[in-house]
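> Here it is: the structure, laid out below.
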Amino acid sequence: MRLMAVVSLVVCLLAGCSNGDDDSSGPSSAGNVVPISVGESAVCRTINQLCAVITICQPGTSSCQTISDVLVDNGSVGLRVFSSVLSTPLTQTVDVRGRAVGECTFFADGGTTWGPVQVADVVLGGAPAVRVPIQVIQSTFGGQSSSNNPCNDEVDTDPQAASFNGILGIGIFRQDCGLICATNSNNTLYFSCNGGSCTGVAVPLADQVQNPVWLLPSGNNGLVITLPNVPAMGAPSVSGSLILGIGTTDNNTPSAGISVLTTDDNGFVTTVYKGRTFGQSIIDSGSNGLFFPDASLQQCATPLDPFYCPPNAVNLSGTVIGENGSQIVVPFQVANTENLVQTGNAAFNNLGGDFSIFDWGLPFFLGRTVFIGIEGQSSSLGTGPYFAF
Amino acid sequence: MKTVIGTAALALFFAPTLLGPVWAALGEPAASVERDRMMMKGQRQSRTGTGYSIDTITVAGMRVKEYVSPDGVVFAVVWTGTGMPDLQLLLGEYFEEYRKGVHAARSQRPKIRKPFQMKSERLVVERSGHSRSLWGRAFLPAALPPGVTAEDIR
């Protein structure tokens with residue numbers, strides 16, 4: 001514990017942060033803030049891609065590095081970093097037979113990452129370091145390759161193609177898999193590798209890749225994503241805050257009028273749009289647009305064809321409904337994607353496209369403060385998993 | 001007992017090609033559902049709906065639904081779970097097309113992250129969801145029985 005404090009302090013000096021002490025002592029500390037932005041990074045340059053800088057340390061040491069261009073994604077759980085940007089040695093996790101454990105992670109966009117599960121001390125903003133298993137993204141781990149691997153899918157090979165150095169998964173769950181992977185070796189996510197061959201393995205909860213936020217000594221019940229809005233034709237960049245904890249300090253205390261939408265066990269909410277009901281709706285900062293089906297909206301020409309290109313911007317609204325029956329009407333706008341892209345801007349609140357269910361992506365977060373409650377963690381807004389806004 | 005089954009399932013689940021022919025489901029006769037179930041070492045349930053029937057295979061946090069037309073052909077598969085099913089097994093002859101679709105989506109510029117979707121007159125595949133609950137579906141638009149729409153495939 002003392003060691004952790006030292007690490008944290010060193011990291012803070014390295015990272016140049018000023019509010020290192022925090023957290024248990026004073027409610028006014030800004031140590032729980034991680035700056036986040038769209039359009040301000042070198043690698044993380046995709047439209048509406050929300051990114052942050054984090055610090056990774058070799059466990060129990062002051063050997064640390066900062067990693068920029070990390071995608072802030074509440075649609076996934078756990079930190080994942082490309083091996084090519086890691087210079088800090090981490091601790092490999094192993095199964096009961098001592099074999100190195102790796103993981104396949106599947107993303108909704110069709111992306112897949114493969115690589116070893118290793119323990120790191122992770123520092124978010126000025127908060128104390130947490131010791132947590134992360135995924136190192138490395139297509140060659142365990143003698144595998146981008147096209148031939150246990151994920152049975154093409155996996156990410158480099159930051160440039162992926163457009164991020166890593167992914168900070170801060171979704172509503174504690175671990176990325178949970179009980180299924182603790183009890184089943186054929187879970188299709190975790191594998192242990194030996195001599196070039198990898199086979200499925202059950203992994204105890206504590207050894208699974210997990211949300212660093214819930215491991216914090218305080219402010220571990222959830223997080224807040226707050227971003228300003230942007231003009232109708234977008235903005236070159238936008239900056240906001242990822243605030244750790246809910247109702248634990250002045251800066252993460254919900255204001256009056258916030259409604260809480262609990263999710264189902266799978267983390268889904270329901271959206272009613274133009275009289276149609278969409279279960280399995282997601283609120284996902286890692287999606288770069290608003291995706292939903294509407295045959296009345298004109299789609300763009302290739303290569304922007306799944307996106308919407310109405311001649312004029314259209315005002316729409318959807319009602320998001322929680323498992324607890326609470327509902328919130330969310331007005332939004334969809335503009336002509338071609339025109340938006342031509343501006344060269346990076347942040348848009350009105351970028352939409354066709355999909356068969358409702359995906360409230362980054363535009364939803366612009367001009368809004370969204371509270372994300374982690375499963376099983378209690379807060380002034382109730383026990384997670386929930387979204388509140 | 002559990003461990004033995006799990007290991008056997010794993011070997012079969014991930015290496016269908018070792019068995020000789022690739023046992024496909026999509027576009028194949030309904031009998032392939034049982035082969036899928038055996039290879040996944042899952043539990044199977046059948047339900048008859050209007051104009052089609054659904055076979056559901058469940059195993060290790062994964063639920064796979066195979067939609068079978070009245071003439072006995074699998075025209076759609078839907079999966080939900082913490083992980084991913086072996087799509088090579090479930091998509092069969094359509095798997096390569098899916099792989100190319102994924103590759104194309106990953107290479108698309110400007111890169112705008114969105115739920116995966118490939119759509120042709122021959123094949124539709126979608127993926128969505130998030131950690132702990134991934135969701136996807138694949139269907140053959142030309143093989144949908146009369147009166148069945150894409151919305152029925154959930």
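Scheme for the structure tokens: letters A, B, ... for chains in order shown; per-chain residue numbers from 1; ligand numbers from 1 in order shown.
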For chain B, work out the contacting residues on chain A at 8 Å, counting only C-alpha atoms, and write them as a PDB file with N, CA and C atoms, in the first residue's frame.

```
ATOM      1  N   THR A  46      -9.713   9.991 -35.471  1.00  0.00           N
ATOM      2  CA  THR A  46     -10.960   9.693 -36.144  1.00  0.00           C
ATOM      3  C   THR A  46     -12.061  10.651 -35.684  1.00  0.00           C
ATOM      4  N   ILE A  47     -12.997  10.908 -36.576  1.00  0.00           N
ATOM      5  CA  ILE A  47     -14.148  11.748 -36.245  1.00  0.00           C
ATOM      6  C   ILE A  47     -14.859  11.220 -35.003  1.00  0.00           C
ATOM      7  N   ASN A  48     -15.166  12.132 -34.091  1.00  0.00           N
ATOM      8  CA  ASN A  48     -15.921  11.807 -32.866  1.00  0.00           C
ATOM      9  C   ASN A  48     -15.269  10.715 -32.018  1.00  0.00           C
ATOM     10  N   GLY A  75     -18.241   1.364 -23.804  1.00  0.00           N
ATOM     11  CA  GLY A  75     -18.821   0.151 -24.377  1.00  0.00           C
ATOM     12  C   GLY A  75     -17.965  -1.085 -24.135  1.00  0.00           C
ATOM     13  N   SER A  76     -16.799  -0.887 -23.563  1.00  0.00           N
ATOM     14  CA  SER A  76     -15.982  -2.052 -23.225  1.00  0.00           C
ATOM     15  C   SER A  76     -15.483  -1.907 -21.792  1.00  0.00           C
ATOM     16  N   VAL A  77     -14.844  -2.942 -21.311  1.00  0.00           N
ATOM     17  CA  VAL A  77     -14.403  -2.969 -19.918  1.00  0.00           C
ATOM     18  C   VAL A  77     -12.928  -3.354 -19.868  1.00  0.00           C
ATOM     19  N   PHE A 106     -13.639  -8.834 -28.563  1.00  0.00           N
ATOM     20  CA  PHE A 106     -14.435  -8.551 -29.762  1.00  0.00           C
ATOM     21  C   PHE A 106     -15.192  -7.250 -29.564  1.00  0.00           C
ATOM     22  N   PHE A 107     -15.129  -6.403 -30.576  1.00  0.00           N
ATOM     23  CA  PHE A 107     -15.800  -5.113 -30.495  1.00  0.00           C
ATOM     24  C   PHE A 107     -16.944  -5.041 -31.509  1.00  0.00           C
ATOM     25  N   ALA A 108     -17.896  -4.182 -31.178  1.00  0.00           N
ATOM     26  CA  ALA A 108     -19.096  -4.091 -32.012  1.00  0.00           C
ATOM     27  C   ALA A 108     -18.788  -3.638 -33.440  1.00  0.00           C
ATOM     28  N   ASP A 109     -17.681  -2.929 -33.631  1.00  0.00           N
ATOM     29  CA  ASP A 109     -17.391  -2.410 -34.966  1.00  0.00           C
ATOM     30  C   ASP A 109     -16.738  -3.458 -35.864  1.00  0.00           C
ATOM     31  N   GLY A 110     -16.610  -4.675 -35.356  1.00  0.00           N
ATOM     32  CA  GLY A 110     -15.972  -5.724 -36.137  1.00  0.00           C
ATOM     33  C   GLY A 110     -14.500  -5.873 -35.799  1.00  0.00           C
ATOM     34  N   GLY A 111     -13.995  -4.982 -34.963  1.00  0.00           N
ATOM     35  CA  GLY A 111     -12.599  -5.056 -34.550  1.00  0.00           C
ATOM     36  C   GLY A 111     -12.396  -6.151 -33.512  1.00  0.00           C
ATOM     37  N   PRO A 150      -6.670 -17.591 -32.069  1.00  0.00           N
ATOM     38  CA  PRO A 150      -7.850 -18.229 -31.471  1.00  0.00           C
ATOM     39  C   PRO A 150      -9.128 -17.403 -31.598  1.00  0.00           C
ATOM     40  N   ASN A 152     -10.308 -16.349 -34.265  1.00  0.00           N
ATOM     41  CA  ASN A 152     -10.952 -16.751 -35.505  1.00  0.00           C
ATOM     42  C   ASN A 152     -11.421 -15.543 -36.303  1.00  0.00           C
ATOM     43  N   ASP A 153     -10.672 -14.465 -36.198  1.00  0.00           N
ATOM     44  CA  ASP A 153     -11.024 -13.215 -36.850  1.00  0.00           C
ATOM     45  C   ASP A 153      -9.732 -12.434 -37.061  1.00  0.00           C
ATOM     46  N   GLU A 154      -9.768 -11.462 -37.958  1.00  0.00           N
ATOM     47  CA  GLU A 154      -8.587 -10.617 -38.166  1.00  0.00           C
ATOM     48  C   GLU A 154      -8.410  -9.708 -36.949  1.00  0.00           C
ATOM     49  N   ALA A 161      -3.289   1.822 -37.840  1.00  0.00           N
ATOM     50  CA  ALA A 161      -4.461   1.255 -38.509  1.00  0.00           C
ATOM     51  C   ALA A 161      -5.676   1.265 -37.589  1.00  0.00           C
ATOM     52  N   GLY A 171     -16.790   0.752 -18.927  1.00  0.00           N
ATOM     53  CA  GLY A 171     -18.214   0.423 -18.969  1.00  0.00           C
ATOM     54  C   GLY A 171     -18.775   0.102 -17.605  1.00  0.00           C
ATOM     55  N   PHE A 173     -19.537  -2.614 -16.124  1.00  0.00           N
ATOM     56  CA  PHE A 173     -19.210  -3.873 -15.448  1.00  0.00           C
ATOM     57  C   PHE A 173     -17.838  -3.808 -14.785  1.00  0.00           C
ATOM     58  N   ASP A 176     -14.358  -7.701 -17.652  1.00  0.00           N
ATOM     59  CA  ASP A 176     -14.833  -7.702 -19.042  1.00  0.00           C
ATOM     60  C   ASP A 176     -15.647  -8.945 -19.369  1.00  0.00           C
ATOM     61  N   CYS A 177     -15.494 -10.003 -18.575  1.00  0.00           N
ATOM     62  CA  CYS A 177     -16.287 -11.204 -18.862  1.00  0.00           C
ATOM     63  C   CYS A 177     -17.156 -11.607 -17.681  1.00  0.00           C
ATOM     64  N   GLY A 178     -16.555 -11.778 -16.502  1.00  0.00           N
ATOM     65  CA  GLY A 178     -17.352 -12.138 -15.335  1.00  0.00           C
ATOM     66  C   GLY A 178     -17.408 -13.635 -15.112  1.00  0.00           C
ATOM     67  N   ILE A 180     -18.977 -16.172 -16.341  1.00  0.00           N
ATOM     68  CA  ILE A 180     -18.907 -17.128 -17.445  1.00  0.00           C
ATOM     69  C   ILE A 180     -17.454 -17.568 -17.665  1.00  0.00           C
ATOM     70  N   ASN A 184     -16.008 -21.399 -17.168  1.00  0.00           N
ATOM     71  CA  ASN A 184     -16.005 -22.159 -18.431  1.00  0.00           C
ATOM     72  C   ASN A 184     -14.691 -21.955 -19.182  1.00  0.00           C
ATOM     73  N   SER A 185     -14.071 -23.047 -19.575  1.00  0.00           N
ATOM     74  CA  SER A 185     -12.842 -22.892 -20.363  1.00  0.00           C
ATOM     75  C   SER A 185     -13.166 -22.575 -21.825  1.00  0.00           C
ATOM     76  N   ASN A 186     -14.358 -22.944 -22.266  1.00  0.00           N
ATOM     77  CA  ASN A 186     -14.721 -22.661 -23.663  1.00  0.00           C
ATOM     78  C   ASN A 186     -15.501 -21.357 -23.766  1.00  0.00           C
ATOM     79  N   ASN A 187     -14.986 -20.323 -23.075  1.00  0.00           N
ATOM     80  CA  ASN A 187     -15.672 -19.026 -23.039  1.00  0.00           C
ATOM     81  C   ASN A 187     -15.398 -18.183 -24.279  1.00  0.00           C
ATOM     82  N   THR A 188     -14.488 -18.595 -25.121  1.00  0.00           N
ATOM     83  CA  THR A 188     -14.092 -17.962 -26.398  1.00  0.00           C
ATOM     84  C   THR A 188     -13.347 -16.633 -26.216  1.00  0.00           C
ATOM     85  N   LEU A 189     -13.071 -16.240 -24.972  1.00  0.00           N
ATOM     86  CA  LEU A 189     -12.331 -15.000 -24.739  1.00  0.00           C
ATOM     87  C   LEU A 189     -10.921 -15.265 -24.210  1.00  0.00           C
ATOM     88  N   THR A 199      -5.166 -22.696 -25.999  1.00  0.00           N
ATOM     89  CA  THR A 199      -6.439 -23.354 -25.750  1.00  0.00           C
ATOM     90  C   THR A 199      -7.228 -22.554 -24.714  1.00  0.00           C
ATOM     91  N   GLY A 200      -8.543 -22.689 -24.776  1.00  0.00           N
ATOM     92  CA  GLY A 200      -9.419 -21.932 -23.899  1.00  0.00           C
ATOM     93  C   GLY A 200      -9.157 -22.244 -22.441  1.00  0.00           C
ATOM     94  N   ASN A 266     -27.537  -7.419 -19.026  1.00  0.00           N
ATOM     95  CA  ASN A 266     -26.575  -7.359 -20.115  1.00  0.00           C
ATOM     96  C   ASN A 266     -26.076  -5.950 -20.397  1.00  0.00           C
ATOM     97  N   GLY A 267     -26.542  -4.980 -19.608  1.00  0.00           N
ATOM     98  CA  GLY A 267     -26.088  -3.605 -19.799  1.00  0.00           C
ATOM     99  C   GLY A 267     -26.852  -2.838 -20.858  1.00  0.00           C
ATOM    100  N   GLN A 280     -31.939  -3.969 -26.389  1.00  0.00           N
ATOM    101  CA  GLN A 280     -30.513  -4.069 -26.715  1.00  0.00           C
ATOM    102  C   GLN A 280     -29.929  -2.751 -27.212  1.00  0.00           C
ATOM    103  N   ILE A 282     -27.713   0.569 -26.888  1.00  0.00           N
ATOM    104  CA  ILE A 282     -26.489   0.852 -26.137  1.00  0.00           C
ATOM    105  C   ILE A 282     -26.200   2.352 -26.104  1.00  0.00           C
ATOM    106  N   GLY A 286     -17.687   4.910 -27.378  1.00  0.00           N
ATOM    107  CA  GLY A 286     -16.748   4.405 -28.373  1.00  0.00           C
ATOM    108  C   GLY A 286     -17.323   4.348 -29.784  1.00  0.00           C
ATOM    109  N   SER A 287     -18.634   4.549 -29.915  1.00  0.00           N
ATOM    110  CA  SER A 287     -19.236   4.640 -31.250  1.00  0.00           C
ATOM    111  C   SER A 287     -19.144   6.092 -31.704  1.00  0.00           C
ATOM    112  N   ASN A 288     -18.807   6.301 -32.956  1.00  0.00           N
ATOM    113  CA  ASN A 288     -18.533   7.665 -33.411  1.00  0.00           C
ATOM    114  C   ASN A 288     -19.755   8.412 -33.923  1.00  0.00           C
ATOM    115  N   GLY A 289     -20.933   7.779 -33.872  1.00  0.00           N
ATOM    116  CA  GLY A 289     -22.134   8.443 -34.351  1.00  0.00           C
ATOM    117  C   GLY A 289     -23.357   7.911 -33.636  1.00  0.00           C
ATOM    118  N   PHE A 291     -26.523   5.621 -34.305  1.00  0.00           N
ATOM    119  CA  PHE A 291     -26.869   4.597 -35.280  1.00  0.00           C
ATOM    120  C   PHE A 291     -28.224   3.997 -34.940  1.00  0.00           C
ATOM    121  N   PRO A 303     -18.236   6.335 -50.317  1.00  0.00           N
ATOM    122  CA  PRO A 303     -17.990   5.322 -49.286  1.00  0.00           C
ATOM    123  C   PRO A 303     -18.658   5.636 -47.950  1.00  0.00           C
ATOM    124  N   PHE A 355     -28.410   1.492 -38.681  1.00  0.00           N
ATOM    125  CA  PHE A 355     -28.137   0.185 -38.075  1.00  0.00           C
ATOM    126  C   PHE A 355     -29.469  -0.363 -37.585  1.00  0.00           C
TER     127      PHE A 355
END
```
> I'd like the neighbourhood of A:Ser197 as JSON, numbers by chain, where a residue qualifies if any of its atoms comes within 10 Å (using only C-alpha atoms), though same-chain residues fewer than 4 positions away should be ignored.
{"A": [142, 143, 144, 149, 150, 191, 192, 193]}
> Extract, using only C-alpha atoms, all DNA, RNA and protein residues at most 7 Å from stretch 240-257 of chain A, discarding same-chain residues fewer than 3 positions from it, and format them as a PDB file with C-alpha atoms, in the first residue's frame.

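What landed in result_20.pdb:
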```pdb
ATOM      1  CA  PRO A  27     -14.003  16.402  -1.374  1.00  0.00           C
ATOM      2  CA  SER A  28     -12.769  19.324  -3.440  1.00  0.00           C
ATOM      3  CA  ASN A  32     -10.346  12.504  -9.853  1.00  0.00           C
ATOM      4  CA  VAL A  33     -10.426  14.222 -13.232  1.00  0.00           C
ATOM      5  CA  VAL A  34      -9.016  12.741 -16.425  1.00  0.00           C
ATOM      6  CA  PRO A  35      -9.027  15.260 -19.299  1.00  0.00           C
ATOM      7  CA  ILE A  36     -10.705  13.862 -22.412  1.00  0.00           C
ATOM      8  CA  SER A  37     -10.927  15.275 -25.908  1.00  0.00           C
ATOM      9  CA  VAL A 213     -12.330   2.559 -11.858  1.00  0.00           C
ATOM     10  CA  GLY A 219     -14.580   7.147  -6.119  1.00  0.00           C
ATOM     11  CA  ASN A 220     -14.953   3.570  -7.298  1.00  0.00           C
ATOM     12  CA  ASN A 221     -18.713   3.444  -7.760  1.00  0.00           C
ATOM     13  CA  GLY A 222     -18.800   4.824 -11.270  1.00  0.00           C
ATOM     14  CA  LEU A 223     -17.768   7.754 -13.360  1.00  0.00           C
ATOM     15  CA  VAL A 224     -18.978  10.835 -15.129  1.00  0.00           C
ATOM     16  CA  ILE A 225     -18.368  11.830 -18.734  1.00  0.00           C
ATOM     17  CA  THR A 226     -18.986  15.512 -19.315  1.00  0.00           C
ATOM     18  CA  LEU A 227     -18.464  17.272 -22.631  1.00  0.00           C
ATOM     19  CA  PRO A 228     -19.538  20.658 -24.013  1.00  0.00           C
ATOM     20  CA  SER A 379     -23.839   5.642  -4.999  1.00  0.00           C
ATOM     21  CA  SER A 380     -26.115   8.559  -4.293  1.00  0.00           C
TER      22      SER A 380
END
```
> Just asking: which residues within stretch 61-224 of chain A are strand (DSSP E or B) according to DSSP, as a PDB file with C-alpha atoms, in the first residue's frame?

```pdb
ATOM      1  CA  CYS A  64       6.127   4.508 -15.480  1.00  0.00           C
ATOM      2  CA  GLN A  65       5.157   5.899 -18.839  1.00  0.00           C
ATOM      3  CA  THR A  66       2.314   7.997 -20.127  1.00  0.00           C
ATOM      4  CA  ILE A  67       0.275   6.695 -23.032  1.00  0.00           C
ATOM      5  CA  SER A  68      -1.580   9.155 -25.203  1.00  0.00           C
ATOM      6  CA  ASP A  69      -4.332   8.525 -27.729  1.00  0.00           C
ATOM      7  CA  VAL A  70      -6.264   6.079 -25.582  1.00  0.00           C
ATOM      8  CA  LEU A  71      -9.868   5.658 -26.719  1.00  0.00           C
ATOM      9  CA  VAL A  72     -12.339   6.377 -23.910  1.00  0.00           C
ATOM     10  CA  ASP A  73     -14.935   3.659 -24.351  1.00  0.00           C
ATOM     11  CA  VAL A  77     -14.403  -2.969 -19.918  1.00  0.00           C
ATOM     12  CA  GLY A  78     -10.714  -2.811 -19.078  1.00  0.00           C
ATOM     13  CA  LEU A  79      -7.574  -1.158 -20.360  1.00  0.00           C
ATOM     14  CA  ARG A  80      -5.962  -2.427 -23.573  1.00  0.00           C
ATOM     15  CA  VAL A  81      -2.690  -1.044 -24.907  1.00  0.00           C
ATOM     16  CA  PHE A  82      -0.668  -1.903 -28.002  1.00  0.00           C
ATOM     17  CA  THR A  91       3.652  -8.896 -15.111  1.00  0.00           C
ATOM     18  CA  GLN A  92       2.284 -11.712 -17.257  1.00  0.00           C
ATOM     19  CA  VAL A  94      -0.685 -17.383 -15.979  1.00  0.00           C
ATOM     20  CA  ALA A 100       0.691 -17.414 -20.169  1.00  0.00           C
ATOM     21  CA  VAL A 101      -2.883 -16.192 -20.489  1.00  0.00           C
ATOM     22  CA  GLY A 102      -4.059 -14.180 -23.492  1.00  0.00           C
ATOM     23  CA  GLU A 103      -7.375 -12.812 -24.545  1.00  0.00           C
ATOM     24  CA  CYS A 104      -9.528 -12.209 -27.591  1.00  0.00           C
ATOM     25  CA  THR A 105     -11.635  -9.093 -27.302  1.00  0.00           C
ATOM     26  CA  PHE A 106     -14.435  -8.551 -29.762  1.00  0.00           C
ATOM     27  CA  THR A 112     -10.862  -7.757 -32.549  1.00  0.00           C
ATOM     28  CA  THR A 113      -7.796  -7.539 -30.320  1.00  0.00           C
ATOM     29  CA  TRP A 114      -5.553 -10.413 -29.265  1.00  0.00           C
ATOM     30  CA  GLY A 115      -2.712 -10.377 -26.784  1.00  0.00           C
ATOM     31  CA  PRO A 116      -1.450 -11.297 -23.323  1.00  0.00           C
ATOM     32  CA  VAL A 117      -3.185 -10.373 -20.082  1.00  0.00           C
ATOM     33  CA  GLN A 118      -0.659  -8.596 -17.882  1.00  0.00           C
ATOM     34  CA  VAL A 119      -0.829  -6.807 -14.559  1.00  0.00           C
ATOM     35  CA  ALA A 120      -0.024  -3.096 -14.483  1.00  0.00           C
ATOM     36  CA  ASP A 121      -0.288  -0.223 -12.050  1.00  0.00           C
ATOM     37  CA  VAL A 122      -2.612   2.146 -13.879  1.00  0.00           C
ATOM     38  CA  VAL A 123      -2.963   5.817 -13.029  1.00  0.00           C
ATOM     39  CA  VAL A 130      -4.603   0.757  -9.193  1.00  0.00           C
ATOM     40  CA  ARG A 131      -3.085  -2.647  -9.796  1.00  0.00           C
ATOM     41  CA  VAL A 132      -5.151  -4.269 -12.519  1.00  0.00           C
ATOM     42  CA  PRO A 133      -4.921  -6.898 -15.251  1.00  0.00           C
ATOM     43  CA  ILE A 134      -4.937  -5.257 -18.679  1.00  0.00           C
ATOM     44  CA  GLN A 135      -4.695  -6.605 -22.202  1.00  0.00           C
ATOM     45  CA  VAL A 136      -1.528  -5.938 -24.135  1.00  0.00           C
ATOM     46  CA  ILE A 137      -2.580  -5.863 -27.790  1.00  0.00           C
ATOM     47  CA  GLY A 166      -5.087   1.793 -26.479  1.00  0.00           C
ATOM     48  CA  ILE A 167      -8.650   1.549 -25.233  1.00  0.00           C
ATOM     49  CA  LEU A 168      -9.754   2.608 -21.782  1.00  0.00           C
ATOM     50  CA  GLY A 169     -12.837   0.474 -21.193  1.00  0.00           C
ATOM     51  CA  ILE A 170     -14.858   2.114 -18.457  1.00  0.00           C
ATOM     52  CA  GLN A 175     -14.684  -7.373 -15.282  1.00  0.00           C
ATOM     53  CA  TYR A 190      -9.519 -16.305 -22.530  1.00  0.00           C
ATOM     54  CA  PHE A 191      -6.804 -18.700 -23.707  1.00  0.00           C
ATOM     55  CA  SER A 192      -3.555 -19.999 -22.332  1.00  0.00           C
ATOM     56  CA  CYS A 193      -0.686 -20.589 -24.693  1.00  0.00           C
ATOM     57  CA  ASN A 194       2.125 -23.077 -24.787  1.00  0.00           C
ATOM     58  CA  SER A 197      -0.764 -23.442 -29.392  1.00  0.00           C
ATOM     59  CA  CYS A 198      -3.465 -21.687 -27.405  1.00  0.00           C
ATOM     60  CA  THR A 199      -6.439 -23.354 -25.750  1.00  0.00           C
ATOM     61  CA  GLY A 200      -9.419 -21.932 -23.899  1.00  0.00           C
ATOM     62  CA  GLN A 210     -11.178  -5.229 -15.570  1.00  0.00           C
ATOM     63  CA  GLY A 222     -18.800   4.824 -11.270  1.00  0.00           C
ATOM     64  CA  LEU A 223     -17.768   7.754 -13.360  1.00  0.00           C
ATOM     65  CA  VAL A 224     -18.978  10.835 -15.129  1.00  0.00           C
TER      66      VAL A 224
END
```
> Could you tell me how far atom CA of B:Val77 lies from atom CA of A:Ser356, in Å and to one decimal?
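It comes out at 15.2 Å.
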> Suppose you want the space between atom CA of A:Phe387 and atom CA of A:Pro306; what is it in Å?
27.6 Å
> Among the residues of stretch 107-283 of chain A, find those DSSP assigns to alpha helix (DSSP H) from the backbone and print them as a VMD selection string.
chain A and resid 159 to 162 179 to 183
> Any chance you can output those residues with C-alpha atoms as a short mmCIF file (atom, residue, chain, number, x, y, z; two decimals), in the first residue's frame?

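Contents of part-v6.cif, as written:
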```cif
data_model
loop_
_atom_site.label_atom_id
_atom_site.label_comp_id
_atom_site.auth_asym_id
_atom_site.auth_seq_id
_atom_site.Cartn_x
_atom_site.Cartn_y
_atom_site.Cartn_z
CA PRO A 159 -1.95 1.76 -33.55
CA GLN A 160 -2.01 3.63 -36.87
CA ALA A 161 -4.46 1.25 -38.51
CA ALA A 162 -6.55 1.00 -35.36
CA LEU A 179 -18.61 -15.46 -14.04
CA ILE A 180 -18.91 -17.13 -17.45
CA CYS A 181 -15.15 -16.94 -17.93
CA ALA A 182 -14.45 -17.89 -14.32
CA THR A 183 -16.31 -21.18 -14.74
#
```
